[in-house]
>>> print(open('target-v4.txt').read())   # compact mmCIF, C-alpha atoms
# COMPACT_ATOMS: atom_id res chain seq x y z
CA MET X 27 0.00 0.00 0.00
CA ALA X 28 1.39 3.43 -0.91
CA VAL X 29 2.42 5.56 2.05
CA ARG X 30 -0.08 8.30 1.24
CA LYS X 31 -2.86 5.69 1.43
CA ARG X 32 -1.39 4.57 4.71
CA LEU X 33 -1.64 8.12 6.05
CA VAL X 34 -5.33 8.25 5.23
CA ALA X 35 -5.84 4.92 6.94
CA LEU X 36 -4.00 6.07 10.05
CA ALA X 37 -6.17 9.13 10.32
CA ALA X 38 -9.25 6.95 9.94
CA THR X 39 -8.14 4.74 12.83
CA GLY X 40 -7.50 7.71 15.08
CA ALA X 41 -3.72 7.71 15.06
CA VAL X 42 -2.26 11.06 15.98
CA LEU X 43 -0.30 12.53 13.09
CA LEU X 44 1.47 15.81 13.46
CA ALA X 45 1.20 18.57 10.92
CA GLY X 46 2.23 22.16 10.60
CA ALA X 47 5.49 23.91 11.07
CA ALA X 48 7.06 21.31 13.36
CA LEU X 49 6.85 18.64 10.70
CA THR X 50 7.60 20.73 7.66
CA ALA X 51 10.30 22.90 9.15
CA THR X 52 12.96 23.78 6.64
CA THR X 53 16.29 22.19 7.44
CA SER X 54 19.31 23.92 6.02
CA THR X 55 21.79 21.90 4.04
CA VAL X 56 25.40 22.95 3.81
CA ALA X 57 28.56 21.29 2.66
CA SER X 58 30.07 19.43 5.58
CA ALA X 59 32.70 21.41 7.44
CA ALA X 60 34.69 18.22 7.80
CA SER X 61 36.27 16.60 4.80
CA GLY X 62 34.31 13.79 3.26
CA PRO X 63 35.02 10.06 3.52
CA THR X 64 38.21 8.66 2.06
CA THR X 65 38.67 5.20 0.60
CA LEU X 66 40.40 2.29 2.30
CA PRO X 67 41.73 -0.95 0.74
CA THR X 68 38.74 -3.26 0.38
CA SER X 69 41.02 -6.30 0.53
CA GLN X 70 41.55 -5.64 4.24
CA PHE X 71 37.96 -6.56 5.10
CA THR X 72 36.34 -9.97 4.60
CA LEU X 73 33.45 -12.08 5.85
CA THR X 74 33.11 -15.82 6.26
CA SER X 75 29.60 -17.24 6.31
CA ASP X 76 28.09 -20.42 7.68
CA TYR X 77 24.37 -20.81 7.03
CA HIS X 78 24.29 -24.40 8.27
CA ALA X 79 25.87 -24.15 11.72
CA TYR X 80 22.61 -25.02 13.46
CA ASP X 81 20.88 -27.21 10.85
CA ALA X 82 20.52 -30.33 13.01
CA LEU X 83 19.38 -28.43 16.08
CA ASP X 84 16.98 -26.21 14.13
CA SER X 85 15.39 -29.21 12.44
CA ALA X 86 14.96 -30.93 15.82
CA LEU X 87 13.39 -27.80 17.33
CA VAL X 88 11.01 -27.42 14.40
CA SER X 89 10.00 -31.07 14.79
CA LYS X 90 9.25 -30.64 18.49
CA LEU X 91 7.71 -27.16 18.56
CA GLY X 92 6.34 -26.52 15.10
CA THR X 93 6.61 -23.24 13.22
CA ALA X 94 4.35 -20.22 12.93
CA SER X 95 4.20 -18.17 9.75
CA VAL X 96 4.58 -14.41 9.83
CA ASP X 97 0.90 -14.24 8.91
CA THR X 98 -0.01 -16.34 11.96
CA VAL X 99 2.18 -14.23 14.23
CA MET X 100 0.54 -11.02 13.02
CA LYS X 101 -2.96 -12.44 13.35
CA ASN X 102 -2.05 -13.03 16.99
CA ALA X 103 -0.42 -9.64 17.53
CA ASN X 104 -1.09 -8.50 21.07
CA HIS X 105 0.26 -4.94 21.33
CA THR X 106 -1.19 -1.77 19.84
CA ARG X 107 0.98 0.95 18.38
CA THR X 108 -0.12 4.56 18.71
CA GLY X 109 0.36 7.82 16.86
CA ILE X 110 3.37 10.05 17.31
CA THR X 111 2.68 12.85 19.79
CA ASP X 112 6.15 14.44 19.98
CA SER X 113 7.10 17.43 17.87
CA LEU X 114 9.93 15.88 15.90
CA GLY X 115 10.91 19.14 14.26
CA ILE X 116 12.56 17.54 11.24
CA ALA X 117 12.09 18.31 7.57
CA GLY X 118 10.39 15.87 5.24
CA TYR X 119 8.39 14.03 7.90
CA GLN X 120 5.85 11.68 6.31
CA THR X 121 4.49 9.23 8.84
CA GLY X 122 5.30 7.17 11.90
CA PHE X 123 4.17 5.60 15.15
CA ARG X 124 5.26 4.87 18.68
CA PHE X 125 5.06 1.71 20.75
CA ASP X 126 2.48 1.24 23.49
CA SER X 127 2.99 3.00 26.81
CA GLY X 128 4.71 0.00 28.40
CA ASP X 129 7.31 -0.37 25.65
CA ASN X 130 7.69 3.39 25.25
CA SER X 131 8.86 3.79 28.84
CA ASP X 132 10.45 0.38 29.57
CA CYS X 133 13.86 0.85 31.23
CA THR X 134 14.98 -2.72 30.52
CA ASN X 135 14.37 -2.89 26.75
CA TYR X 136 15.84 -0.56 24.13
CA PRO X 137 15.00 -0.34 20.39
CA GLN X 138 18.02 -0.22 18.07
CA GLY X 139 17.80 -1.51 14.49
CA ILE X 140 15.12 -1.07 11.83
CA THR X 141 14.27 -2.81 8.57
CA THR X 142 11.03 -3.42 6.66
CA SER X 143 9.35 -5.88 4.35
CA ARG X 144 10.37 -3.50 1.53
CA ASP X 145 13.92 -4.59 2.27
CA ALA X 146 12.83 -8.22 2.20
CA VAL X 147 10.84 -8.26 -1.03
CA GLY X 148 11.11 -4.82 -2.65
CA THR X 149 8.11 -2.93 -4.01
CA ALA X 150 6.27 -5.92 -5.54
CA ASN X 151 2.78 -6.43 -4.10
CA SER X 152 3.20 -3.23 -2.05
CA GLY X 153 6.11 -4.77 -0.20
CA ASN X 154 4.03 -7.48 1.45
CA TYR X 155 5.75 -10.45 3.08
CA ASP X 156 3.39 -13.33 3.80
CA GLY X 157 0.47 -10.97 3.23
CA HIS X 158 1.72 -8.15 5.44
CA GLN X 159 3.54 -4.87 4.97
CA LEU X 160 5.82 -4.74 8.00
CA VAL X 161 8.25 -2.62 9.95
CA LEU X 162 10.73 -4.70 11.99
CA VAL X 163 12.66 -3.29 14.96
CA SER X 164 15.45 -5.01 16.91
CA TRP X 165 15.85 -4.52 20.68
CA TYR X 166 18.25 -5.46 23.43
CA THR X 167 17.19 -6.31 26.97
CA LYS X 168 18.99 -5.54 30.22
CA ALA X 169 18.89 -7.66 33.38
CA GLY X 170 17.12 -4.90 35.29
CA CYS X 171 17.09 -1.19 34.52
CA ASP X 172 20.80 -0.83 35.30
CA GLY X 173 21.86 -4.39 34.50
CA ALA X 174 24.00 -5.95 31.80
CA GLN X 175 22.68 -7.06 28.42
CA ALA X 176 20.67 -10.22 28.94
CA ARG X 177 18.90 -11.03 25.67
CA SER X 178 17.59 -9.59 22.39
CA ARG X 179 14.34 -9.61 20.46
CA ILE X 180 12.56 -8.23 17.42
CA THR X 181 9.20 -6.53 17.06
CA LEU X 182 7.04 -7.09 13.97
CA VAL X 183 4.74 -4.13 13.31
CA ASP X 184 1.87 -4.25 10.82
CA TRP X 185 2.03 -1.28 8.47
CA ASP X 186 -1.01 -1.77 6.29
CA ALA X 187 -4.46 -0.27 6.52
CA THR X 188 -6.15 -3.64 6.01
CA TRP X 189 -4.81 -4.83 9.37
CA PRO X 190 -5.15 -3.42 12.90
CA ASN X 191 -2.45 -1.14 14.30
CA THR X 192 -0.79 -4.01 16.12
CA TYR X 193 2.63 -5.55 16.73
CA ARG X 194 4.13 -8.70 18.23
CA LYS X 195 7.42 -9.36 20.02
CA ILE X 196 9.59 -12.35 19.10
CA LEU X 197 12.55 -13.49 21.19
CA LEU X 198 15.85 -14.20 19.41
CA VAL X 199 17.45 -17.44 20.60
CA GLU X 200 20.52 -19.56 19.90
CA PRO X 201 19.96 -23.33 19.49
CA THR X 202 21.82 -25.53 21.96
CA GLY X 203 21.69 -29.14 23.17
CA THR X 204 21.65 -32.13 20.83
CA ALA X 205 19.55 -33.30 17.92
CA THR X 206 17.91 -35.75 20.31
CA THR X 207 17.27 -33.20 23.04
CA PRO X 208 17.40 -29.78 21.38
CA ASN X 209 17.32 -26.64 23.45
CA PHE X 210 17.81 -22.90 23.04
CA THR X 211 19.16 -20.00 25.07
CA ASP X 212 19.12 -16.20 25.08
CA ILE X 213 21.28 -14.12 22.75
CA PRO X 214 22.72 -11.24 24.85
CA ILE X 215 23.81 -8.90 22.06
CA HIS X 216 23.20 -5.21 21.43
CA ALA X 217 21.33 -5.90 18.15
CA GLY X 218 22.34 -2.43 17.00
CA GLY X 219 21.31 -2.99 13.40
CA VAL X 220 19.11 -5.34 11.41
CA SER X 221 18.53 -6.11 7.72
CA TRP X 222 15.86 -8.33 6.15
CA TYR X 223 16.59 -9.77 2.72
CA GLY X 224 14.42 -12.51 1.26
CA ASP X 225 13.65 -14.88 4.13
CA TYR X 226 16.86 -14.08 5.99
CA LEU X 227 17.21 -11.64 8.86
CA TYR X 228 20.71 -10.32 9.56
CA VAL X 229 21.33 -8.90 13.05
CA ALA X 230 24.50 -6.98 13.94
CA ASP X 231 26.68 -8.66 16.57
CA THR X 232 28.99 -5.86 17.70
CA GLY X 233 32.33 -7.59 18.10
CA HIS X 234 31.83 -10.43 15.64
CA GLY X 235 29.79 -9.58 12.52
CA MET X 236 26.20 -10.71 12.07
CA ARG X 237 23.89 -13.45 13.27
CA VAL X 238 21.50 -14.94 10.72
CA PHE X 239 17.86 -15.96 11.22
CA ASN X 240 15.23 -17.39 8.88
CA MET X 241 11.78 -15.76 9.04
CA LYS X 242 10.24 -19.05 7.88
CA LYS X 243 11.40 -20.75 11.10
CA ILE X 244 9.57 -18.88 13.85
CA LEU X 245 8.90 -21.40 16.64
CA LYS X 246 5.90 -21.64 18.97
CA THR X 247 6.57 -21.90 22.71
CA ASP X 248 4.68 -22.54 25.94
CA THR X 249 3.70 -19.34 27.78
CA SER X 250 2.52 -20.98 31.02
CA GLY X 251 5.85 -20.75 32.84
CA SER X 252 7.51 -17.92 34.72
CA ALA X 253 9.18 -14.93 33.09
CA SER X 254 12.60 -16.24 34.16
CA GLU X 255 12.40 -19.56 32.30
CA ILE X 256 14.22 -20.08 29.02
CA GLY X 257 14.55 -23.22 26.91
CA ARG X 258 13.59 -26.83 27.57
CA GLN X 259 12.04 -27.51 30.95
CA SER X 260 12.08 -30.74 32.99
CA ASP X 261 8.59 -31.66 31.76
CA GLY X 262 9.68 -31.39 28.13
CA THR X 263 7.96 -28.07 27.40
CA TYR X 264 9.84 -25.08 25.99
CA HIS X 265 9.57 -21.66 27.62
CA ALA X 266 10.91 -18.28 26.51
CA HIS X 267 10.36 -15.68 29.25
CA ASN X 268 6.64 -15.94 28.41
CA TYR X 269 7.18 -15.02 24.75
CA ALA X 270 4.83 -17.07 22.58
CA TYR X 271 7.29 -17.05 19.66
CA VAL X 272 11.04 -17.41 19.30
CA LEU X 273 13.27 -17.03 16.26
CA PRO X 274 16.25 -19.41 16.37
CA GLN X 275 19.59 -18.52 14.85
CA VAL X 276 20.42 -20.44 11.66
CA GLY X 277 23.84 -19.10 10.76
CA THR X 278 26.78 -16.84 11.49
CA ILE X 279 28.58 -14.18 9.45
CA THR X 280 32.05 -13.59 10.91
CA SER X 281 34.07 -10.45 10.26
CA HIS X 282 37.83 -10.45 9.60
CA THR X 283 40.32 -7.67 8.96
CA THR X 284 44.02 -7.29 8.25
CA SER X 285 43.88 -3.56 8.99
CA GLY X 286 45.16 -4.01 12.53
CA THR X 287 41.98 -2.58 14.06
CA SER X 288 39.01 -4.85 14.73
CA VAL X 289 35.76 -3.91 13.01
CA VAL X 290 32.93 -2.81 15.33
CA TRP X 291 29.55 -3.82 13.91
CA SER X 292 27.48 -1.06 15.48
CA THR X 293 24.72 -0.87 12.86
CA ILE X 294 23.82 -2.27 9.44
CA SER X 295 21.43 -1.59 6.58
CA LEU X 296 20.42 -3.16 3.26
CA ASP X 297 21.10 -1.66 -0.16
CA ARG X 298 18.73 -3.43 -2.55
CA VAL X 299 20.15 -1.72 -5.65
CA SER X 300 23.69 -3.03 -5.20
CA LYS X 301 22.44 -6.14 -3.35
CA SER X 302 24.68 -5.60 -0.37
CA ILE X 303 24.73 -4.90 3.33
CA VAL X 304 26.48 -1.79 4.60
CA MET X 305 27.74 -1.25 8.12
CA THR X 306 29.40 1.42 10.20
CA GLU X 307 31.06 1.80 13.60
CA TYR X 308 30.09 3.84 16.65
CA THR X 309 33.26 5.62 17.76
CA CYS X 310 33.99 8.95 19.37
CA ALA X 311 36.70 11.59 19.44
CA SER X 312 36.95 11.51 23.24
CA CYS X 313 35.12 9.03 25.47
CA THR X 314 35.73 6.06 27.76
CA ASN X 315 33.32 3.32 26.71
CA TYR X 316 33.82 3.31 22.92
CA PRO X 317 36.76 3.32 20.51
CA GLN X 318 38.47 6.71 20.30
CA ARG X 319 39.21 6.80 16.59
CA ALA X 320 37.59 7.72 13.31
CA PRO X 321 34.91 5.21 12.24
CA ARG X 322 34.77 3.14 9.07
CA ALA X 323 31.92 2.13 6.78
CA LEU X 324 32.02 -1.09 4.76
CA ARG X 325 29.93 -2.62 2.01
CA PHE X 326 29.69 -6.40 1.55
CA PRO X 327 27.92 -7.79 -1.55
CA PHE X 328 25.66 -10.83 -1.49
CA ALA X 329 26.47 -13.78 -3.72
CA SER X 330 25.24 -13.28 -7.27
CA GLY X 331 21.49 -13.87 -7.53
CA ALA X 332 21.20 -14.86 -3.85
CA THR X 333 20.03 -13.44 -0.53
CA THR X 334 23.02 -15.07 1.14
CA PHE X 335 26.72 -14.31 1.29
CA ALA X 336 29.30 -16.55 -0.32
CA ALA X 337 31.49 -18.70 1.92
CA THR X 338 34.04 -15.88 1.79
CA THR X 339 33.17 -12.31 0.83
CA THR X 340 35.52 -9.37 0.36
CA ALA X 341 34.24 -5.84 0.90
CA SER X 342 33.33 -4.03 -2.31
CA GLN X 343 33.66 -0.58 -0.69
CA ALA X 344 35.55 0.62 2.39
CA LEU X 345 35.46 4.16 3.72
CA GLN X 346 37.20 6.12 6.47
CA LEU X 347 34.68 8.59 7.87
CA PRO X 348 35.20 12.07 9.35
CA TRP X 349 32.11 11.89 11.60
CA TYR X 350 31.58 10.38 15.05
CA ASN X 351 28.85 8.88 17.27
CA LEU X 352 27.25 7.10 14.32
CA ASN X 353 24.15 5.09 15.23
CA GLY X 354 22.71 4.68 11.75
CA VAL X 355 23.86 3.98 8.20
CA GLY X 356 21.96 3.72 4.93
CA SER X 357 22.90 3.34 1.29
CA HIS X 358 21.02 3.20 -2.00
CA ASN X 359 22.23 3.48 -5.58
CA GLY X 360 25.68 4.87 -4.72
CA ARG X 361 24.43 7.26 -2.05
CA TRP X 362 25.20 7.06 1.68
CA TRP X 363 23.54 8.42 4.84
CA PHE X 364 25.05 8.45 8.34
CA ASN X 365 23.11 9.36 11.48
CA SER X 366 25.02 10.85 14.41
CA SER X 367 22.99 10.81 17.61
CA GLY X 368 25.64 12.83 19.43
CA ALA X 369 25.79 15.63 16.86
CA LYS X 370 22.06 15.44 15.96
CA LYS X 371 23.08 15.43 12.31
CA LEU X 372 22.34 13.32 9.26
CA TYR X 373 25.31 13.22 6.89
CA TYR X 374 24.81 12.54 3.19
CA TRP X 375 27.64 11.61 0.84
CA THR X 376 28.31 10.41 -2.68
CA PRO X 377 31.70 10.22 -4.40
CA SER X 378 30.50 12.62 -7.11
CA THR X 379 28.65 15.28 -5.07
CA GLY X 380 30.64 15.18 -1.85
CA SER X 381 29.13 15.47 1.63
CA HIS X 382 26.21 17.47 2.99
CA THR X 383 25.03 17.92 6.57
CA TYR X 384 21.40 18.08 7.69
CA SER X 385 19.85 18.80 11.06
CA TRP X 386 18.51 15.64 12.68
CA LEU X 387 16.97 14.68 15.99
CA GLY X 388 18.44 13.41 19.26
CA GLY X 389 18.43 9.76 20.25
CA GLY X 390 18.29 8.63 16.62
CA GLU X 391 19.25 5.06 15.83
CA SER X 392 19.42 2.92 12.67
CA LEU X 393 18.26 3.80 9.16
CA SER X 394 16.38 1.82 6.52
CA TYR X 395 15.72 2.82 2.91
CA TRP X 396 12.10 2.33 1.76
CA GLU X 397 11.57 2.01 -2.00
CA ASP X 398 8.12 3.05 -3.23
CA ALA X 399 6.84 2.52 -6.75
CA SER X 400 3.82 4.84 -6.33
CA GLY X 401 5.10 7.49 -3.92
CA PRO X 402 8.29 9.10 -2.65
CA ASP X 403 11.11 6.89 -1.43
CA LEU X 404 11.56 7.19 2.34
CA LEU X 405 14.18 6.89 5.04
CA TRP X 406 12.90 5.11 8.14
CA SER X 407 14.51 5.61 11.53
CA LEU X 408 13.68 5.49 15.24
CA GLN X 409 14.53 7.02 18.61
CA GLU X 410 15.89 5.03 21.55
CA PRO X 411 15.33 7.23 24.66
CA SER X 412 12.70 6.07 27.11
CA GLY X 413 9.50 8.06 26.68
CA HIS X 414 10.43 9.18 23.16
CA ARG X 415 10.50 5.97 21.15
CA ASN X 416 9.19 7.32 17.89
CA VAL X 417 9.51 5.25 14.71
CA PHE X 418 9.25 7.57 11.75
CA ALA X 419 9.82 8.06 8.03
CA VAL X 420 11.02 11.10 6.10
CA THR X 421 11.17 11.70 2.37
CA GLN X 422 14.55 10.59 1.07
CA ALA X 423 14.68 13.51 -1.37
CA THR X 424 14.78 15.93 1.56
CA TYR X 425 18.12 14.48 2.61
CA GLY X 426 20.22 14.25 -0.52
CA PRO X 427 20.49 16.16 -3.80
>>> encode(input="target-v4.txt", output="structure tokens")
Amino acid sequence: MAVRKRLVALAATGAVLLAGAALTATTSTVASAASGPTTLPTSQFTLTSDYHAYDALDSALVSKLGTASVDTVMKNANHTRTGITDSLGIAGYQTGFRFDSGDNSDCTNYPQGITTSRDAVGTANSGNYDGHQLVLVSWYTKAGCDGAQARSRITLVDWDATWPNTYRKILLVEPTGTATTPNFTDIPIHAGGVSWYGDYLYVADTGHGMRVFNMKKILKTDTSGSASEIGRQSDGTYHAHNYAYVLPQVGTITSHTTSGTSVVWSTISLDRVSKSIVMTEYTCASCTNYPQRAPRALRFPFASGATTFAATTTASQALQLPWYNLNGVGSHNGRWWFNSSGAKKLYYWTPSTGSHTYSWLGGGESLSYWEDASGPDLLWSLQEPSGHRNVFAVTQATYGP
């Protein structure tokens, strides 16, 4: 469904959409004061992939638990998204939503990455996957409001007027045990970026690369246990902190470099035109908890005609960046966008036009490019801070010549 039709549908269902000066405010664009990105040797950066690391365990889990299609999950969605009520104050705003009050203010769960069914399937059939046009957000969970990372999850959000304004949470798990007695456990990663391509979901794993999941292998679990229970129980049932659905890992994409500096997989995004995933690093000029160096951005192409990487993949583009505190990256048809939460800027760059800087909002996270055959292409993003977890889209043309 075209976004403008979606806007009409949102109004009809009572969602609060902002209008006026706050949403159409002109944002100045100037050439970046810093020099633009410079190229690095692509041969220094490679990936190795293993899409079969968990085949035996996944098959055993499917046999015991059974799978649920995305359509089934969404028909059983149990949370209601609401309209955006904040004044975002950014140019080109088109549409958006926020999570329910519990998720909006939850101090133990934090939204990070964003992708959509347009990434998965493109513009065909209005970007529907299994009958649904979807926005997918990755989250990490702390063990208490001030605790360490304990697990990660995704949220599937219906984005189509023919369905209610609902979403469902799915826990990400790693298969364990044996083929005879399969089990699963939590995945305590930051999940700072996520990309959906075909049936595969790629989730950033900060110090390693990416974890791979298959959206056709969502498992059904028993919700009768306590919120602390995970995996196979003594009575043979499988619990997942009371989540009704889990998505088990199917593969691993491991990052390697000969540059002498390990790659930090802070966030990722899909480029459907070049059929690749791009990534960038969160670093800072002066801080204590993150690398104090200039960040890099890398592009890794999928195998020809596939939604998977080859056994070994060399980067097709490598950039040294002049910007810091980068939470989001996007690329499409030779163009790049970088979101800096610290600077509240969105940087745009191409090799031919150079770099431009746009005002952006605070707390911004990942980016996702939304192709639209009947309306303007969009950039989707989201905010992390508790109480201000807006998921929103702006016109791409507003942020790039």
>>> residues_near_point(input="target-v4.txt", point="(18.5, -5.2, 7.4)", cutoff="8 Å", atoms="only C-alpha atoms", output="NGL selection string")
:X and (140-142 or 145 or 219-223 or 227-229 or 294-296 or 303 or 394)
>>> residues_around(input="target-v4.txt", residues="stretch 308-317 of chain X", least_positions_apart="3", cutoff="7 Å", atoms="all atoms listed in the file", output="MDAnalysis selection string")
chainID X and resid 292 320:321 350:353
>>> write_last_selection(input="target-v4.txt", atoms="C-alpha atoms", output="compact mmCIF listing (two decimals), keeping the file's coordinate frame")
# COMPACT_ATOMS: atom_id res chain seq x y z
CA SER X 292 27.48 -1.06 15.48
CA ALA X 320 37.59 7.72 13.31
CA PRO X 321 34.91 5.21 12.24
CA TYR X 350 31.58 10.38 15.05
CA ASN X 351 28.85 8.88 17.27
CA LEU X 352 27.25 7.10 14.32
CA ASN X 353 24.15 5.09 15.23
>>> atom_distance(input="target-v4.txt", atom1="atom CA of X:Tyr226", atom2="atom CA of X:Asp248")
24.9 Å
>>> residues_around(input="target-v4.txt", residues="X:Met236", least_positions_apart="6", cutoff="8 Å", atoms="all atoms listed in the file", output="list in words")
Tyr228, Val229, Ala230, Thr278, Ile279, Thr280 and Trp291 of chain X
>>> atom_distance(input="target-v4.txt", atom1="atom CA of X:Gly128", atom2="atom CA of X:Phe210")
26.9 Å
>>> residues_around(input="target-v4.txt", residues="stretch 188-194 of chain X", least_positions_apart="4", cutoff="9 Å", atoms="only C-alpha atoms", output="NGL selection string")
:X and (35-36 or 39 or 41 or 99-108 or 125 or 158 or 180-184)
>>> closest_residue(input="target-v4.txt", among="X:Asn359, X:Thr167, X:Gln259, X:Thr376", to="X:Val299", atoms="only C-alpha atoms")
X:Asn359
>>> residues_near_point(input="target-v4.txt", point="(44.4, 1.5, 2.4)", cutoff="10 Å", atoms="all atoms listed in the file", output="list in words")
Thr64, Thr65, Leu66, Pro67, Thr68, Ser69, Gln70, Ser285, Ala344, Leu345 and Gln346 of chain X
>>> closest_residue(input="target-v4.txt", among="X:Asp403, X:Asp81, X:Asp112, X:Asp212", to="X:Leu198", atoms="all atoms listed in the file")
X:Asp212
>>> closest_residue(input="target-v4.txt", among="X:Thr283, X:Val355, X:Gly257, X:Ala176", to="X:Ala341", atoms="only C-alpha atoms")
X:Thr283
>>> residues_around(input="target-v4.txt", residues="stretch 131-133 of chain X", least_positions_apart="5", cutoff="9 Å", atoms="all atoms listed in the file", output="PyMOL selection string")
chain X and resi 126+167-168+170-172+411-415
>>> write_last_selection(input="target-v4.txt", atoms="C-alpha atoms", output="compact mmCIF listing (two decimals), in the coordinates of the input")
# COMPACT_ATOMS: atom_id res chain seq x y z
CA ASP X 126 2.48 1.24 23.49
CA THR X 167 17.19 -6.31 26.97
CA LYS X 168 18.99 -5.54 30.22
CA GLY X 170 17.12 -4.90 35.29
CA CYS X 171 17.09 -1.19 34.52
CA ASP X 172 20.80 -0.83 35.30
CA PRO X 411 15.33 7.23 24.66
CA SER X 412 12.70 6.07 27.11
CA GLY X 413 9.50 8.06 26.68
CA HIS X 414 10.43 9.18 23.16
CA ARG X 415 10.50 5.97 21.15
